[in-house]
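Report on one structure; see the data block that follows.
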Amino acid sequence: MNNLSTMMREIEAFLSPAIIDSANRCSTRLLAALPDTQQLDNNRVLLAYGGGKDSSYMVAYVRYIQGLIWQQQGNTFRLRISTNRHAAMSDSVMENIDRVYQSLAIPGDEFTECLVVDGLQIRPFERHLPMPDSVRQQNRNDVLMNGHRFRADARSTFCNACNLSMVNSFGLAADYNGGVDVIITGDSPQEQTSYVAWARHLSRLFDAPVADKSRGFSGFLQTLDGVADRYFSDIYGADQVTPAHRITHQLARDPLFFNIYEDTAYEAGAHWALLNDFMRFRFDDLMFSFSESDCGNPTLMAHIRGLRAETLLQRNYAEGIREYVRFALGLMVQKDFPPQLIDEMAARYQDDAAIERQRQRAAQFAEQAFDLDETQLICMIYSPFIEEGKQLNSWLTQQNIALDETAIRDFLSQRSDDMTLAHSLSQLSGMTMAQMRHCWQSKQVSSLLDGKSADPLSRVLRFDPHKAVIQVNNGVLQDTVTEVISGR
């Protein structure tokens, strides 16, 4: 444990007296909460780590508490740190995670294990661990199928499936190798209560079974498994829901939750030197995108807003981008980002030349992460196959696509099997024949502005908090229209 002793001395130079005091209080509370207070290393504690700025601080804080207990007791709990990966996390996130682990003297430490969850696969962390192709393909399918169903609404396209995947990674990590006793969370008690309420609300929306309250965390997972099953059955078709879409809830043991929310603050500005100088956390130009520091999807959300303005609304790309930037910078303020990071993000889109540079960067990232080109993103904006081609004519006409509308309708209605046409549509949309035909049979999700639809997907859209209603020009209608904008 010499490395841990050295780390403890070094990290304290970057912690304020208030944080050191809070960590001591927190360590006392955690000791009392551990099931085995006699043999501390019999206790396994799980911490989720996304690789962003806030979760990096949380890893440092919990690692410091682990060290405090070791110094005081001569023994300490076993810490399991788990990272859930997806296609929009670039290699720079793994690089940041590796630097954080090195700074905290974690590699080789017998009391700490670091895991990576890729879909259903869980493995020890390695800096250059390749992401399975199956995960990238699943993420691509999720973006396409959600994007077409929700007409490229930003949050629904990129976040719905990802959020359920994140929940599943909790279950997998909590069950792995005999399970864990405690899960550490930084969410407030109110947030934890709201998560349970959210799960039960979703279960009612989708008429999914609700687990008994006495089952604790595993019951929460079981409830969301029922939601995931029904959600993805709607998005893909009941016979196309994969095991990766379900949520693990049969756990080796049912862990307790331990909350550190009351003990520490997460604002990056309050611990900038710890992040930047001690853990060498770096804000990557792509992974730091608006209110995220470990995911490039918000850059694509902005890009799609620009494409929507340029195509569907027949305005121009820069106008759509500026709408998204105003909205997303507001989210950054709400989430207490340091002013210098907000200024840095604003500078990326400060004028038309900067916006064009970001457009090229976003297009390249869409290809790298999801194998989707601009034509396929535009197709998703129109969602031309949904509800028996409700937007098909607009897509063909406005995009000058030289395909016969009647032939498309016959093909997607399964009145013909024109494989040449199937290939053309697949190239334009990025979708398989089965996916296009399922969209054809699916209803379009009602907008937030379309009244109170009873459709569960429309209600999920309506209750998403990160949205705003804005007034925009519509070049097609030559009028001002009301739209909903969402993002991260």
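Letters A, B, ... go to the chains of the structure tokens in the order shown; residues in each chain start at 1; ligands are counted from 1 in the same order.
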Inset, instruction - as number ranges by chain, please: all residues of stretch 35-69 of chain A that backbone DSSP puts in alpha helix (DSSP H). - result: A: 53-69
Give me, as a tab-separated table, the closest atom pair and its distance (Å, one decimal) for every residue of stretch 109-164 of chain A within a cut-off of 10 Å of stretch 78-98 of chain A, counting only C-alpha atoms, rows sorted by chain and rising number.
residue	atom	partner	partner_atom	distance
A:Asp109	CA	A:Arg78	CA	9.9
A:Glu110	CA	A:Arg78	CA	8.1
A:Phe111	CA	A:Arg78	CA	4.6
A:Thr112	CA	A:Leu79	CA	4.7
A:Glu113	CA	A:Arg80	CA	4.9
A:Cys114	CA	A:Ile81	CA	4.8
A:Leu115	CA	A:Ser82	CA	4.7
A:Val116	CA	A:Thr83	CA	4.8
A:Val117	CA	A:Asn84	CA	4.7
A:Asp118	CA	A:Arg85	CA	5.5
A:Gly119	CA	A:Arg85	CA	7.8
A:Ile122	CA	A:Ser82	CA	9.0
A:Arg123	CA	A:Ser82	CA	9.5
A:Pro124	CA	A:Ser82	CA	9.0
A:Phe125	CA	A:Thr83	CA	8.4
A:Glu126	CA	A:Asp98	CA	8.0
A:Arg127	CA	A:Asp98	CA	6.0
A:His128	CA	A:Met94	CA	7.6
A:Leu129	CA	A:Met94	CA	8.7
A:Pro130	CA	A:Asp91	CA	9.4
A:Met131	CA	A:Arg85	CA	8.0
A:Pro132	CA	A:Ala87	CA	9.7
A:Asp133	CA	A:Ala87	CA	9.5
A:Val135	CA	A:His86	CA	7.0
A:Arg136	CA	A:Ala87	CA	5.3
A:Gln137	CA	A:Ala87	CA	8.7
A:Gln138	CA	A:Ala87	CA	9.1
A:Asn139	CA	A:Ala87	CA	6.4
A:Arg140	CA	A:Ala87	CA	8.1
A:Phe158	CA	A:Ala88	CA	9.5
A:Cys162	CA	A:His86	CA	7.9
Inset, instruction - Could you give me, as an NGL selection string, the residues within 12 Å of A:Gln350, counting only C-alpha atoms and dropping anything in the same chain fewer than 4 positions from it? - result: :A and (318 or 321-322 or 325-326 or 343-346 or 354-358)
Inset, instruction - Give me, please, the distance in Å between atom CA of A:Gln71 and atom CA of A:Asn259, quoted to one decimal. - result: 22.1 Å
Legend entry - Those in stretch 107-246 of chain A with strand (DSSP E) from DSSP, as an MDAnalysis selection string: chainID A and resid 112:118 121:124 182:185
Inset, instruction - Take atom CA of A:Val45 and atom CA of A:Leu68 and report the distance between them in Å, one decimal. - result: 15.2 Å
Inset, instruction - Between A:Asn75, A:Arg305, A:Phe288, A:Ile408, single out the one closest to A:Met332, counting only C-alpha atoms. - result: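 Among A:Asn75, A:Arg305, A:Phe288, A:Ile408, it is A:Phe288 that comes nearest to A:Met332.
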Inset, instruction - Extract, using only C-alpha atoms, all DNA, RNA and protein residues at most 9 Å from A:Met431, discarding same-chain residues fewer than 4 positions from it, and format them as a ChimeraX atom specification. - result: /A:141,144-145,376,425-427,435-436
Suppose we keep N, CA and C atoms; can you now write the selection as an mmCIF file, in the first residue's frame?
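Contents of out.cif, as written:
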data_model
loop_
_atom_site.group_PDB
_atom_site.id
_atom_site.type_symbol
_atom_site.label_atom_id
_atom_site.label_comp_id
_atom_site.auth_asym_id
_atom_site.auth_seq_id
_atom_site.Cartn_x
_atom_site.Cartn_y
_atom_site.Cartn_z
ATOM 1 N N ASN A 141 -27.991 1.143 -34.717
ATOM 2 C CA ASN A 141 -29.395 0.777 -34.907
ATOM 3 C C ASN A 141 -30.309 1.585 -33.989
ATOM 4 N N LEU A 144 -30.719 5.121 -35.329
ATOM 5 C CA LEU A 144 -31.580 5.135 -36.513
ATOM 6 C C LEU A 144 -33.049 4.909 -36.155
ATOM 7 N N MET A 145 -33.318 3.868 -35.376
ATOM 8 C CA MET A 145 -34.710 3.511 -35.110
ATOM 9 C C MET A 145 -35.393 4.526 -34.196
ATOM 10 N N GLN A 376 -27.985 10.325 -44.797
ATOM 11 C CA GLN A 376 -28.743 9.455 -43.899
ATOM 12 C C GLN A 376 -29.271 10.216 -42.686
ATOM 13 N N LEU A 425 -32.904 2.669 -51.180
ATOM 14 C CA LEU A 425 -33.457 3.218 -49.942
ATOM 15 C C LEU A 425 -32.538 2.981 -48.753
ATOM 16 N N SER A 426 -31.887 1.826 -48.746
ATOM 17 C CA SER A 426 -30.955 1.518 -47.669
ATOM 18 C C SER A 426 -29.752 2.460 -47.699
ATOM 19 N N GLN A 427 -29.277 2.775 -48.891
ATOM 20 C CA GLN A 427 -28.160 3.712 -49.027
ATOM 21 C C GLN A 427 -28.548 5.104 -48.551
ATOM 22 N N GLN A 435 -36.039 -2.889 -41.048
ATOM 23 C CA GLN A 435 -36.205 -1.679 -40.241
ATOM 24 C C GLN A 435 -37.116 -0.665 -40.930
ATOM 25 N N MET A 436 -36.929 -0.488 -42.232
ATOM 26 C CA MET A 436 -37.789 0.447 -42.971
ATOM 27 C C MET A 436 -39.239 -0.016 -42.938
#
Legend entry - Two-atom distance - atom CA of A:Thr6, atom CA of A:Ala105 (Å): 8.6 Å
Legend entry - Proximity to A:Asp54 - best of A:Asp41, A:Asp336, A:Asp351, A:Asp234, only C-alpha atoms: A:Asp336
Inset, instruction - Tell me which protein, DNA and RNA residues are within 8 Å of stretch 242-257 of chain A, counting only C-alpha atoms, leaving out same-chain ones fewer than 2 positions away, and put them as a PyMOL selection string. - result: chain A and resi 119-120+164-165+167-168+171-172+174-176+178-185+215-219+221-222+224-225+228-229+232+240+259
Inset, instruction - Compile the contact shell of A:Thr406 as a count of residues only: residues with an atom at most 12 Å away, counting only C-alpha atoms, same-chain residues fewer than 6 positions apart removed. - result: 10
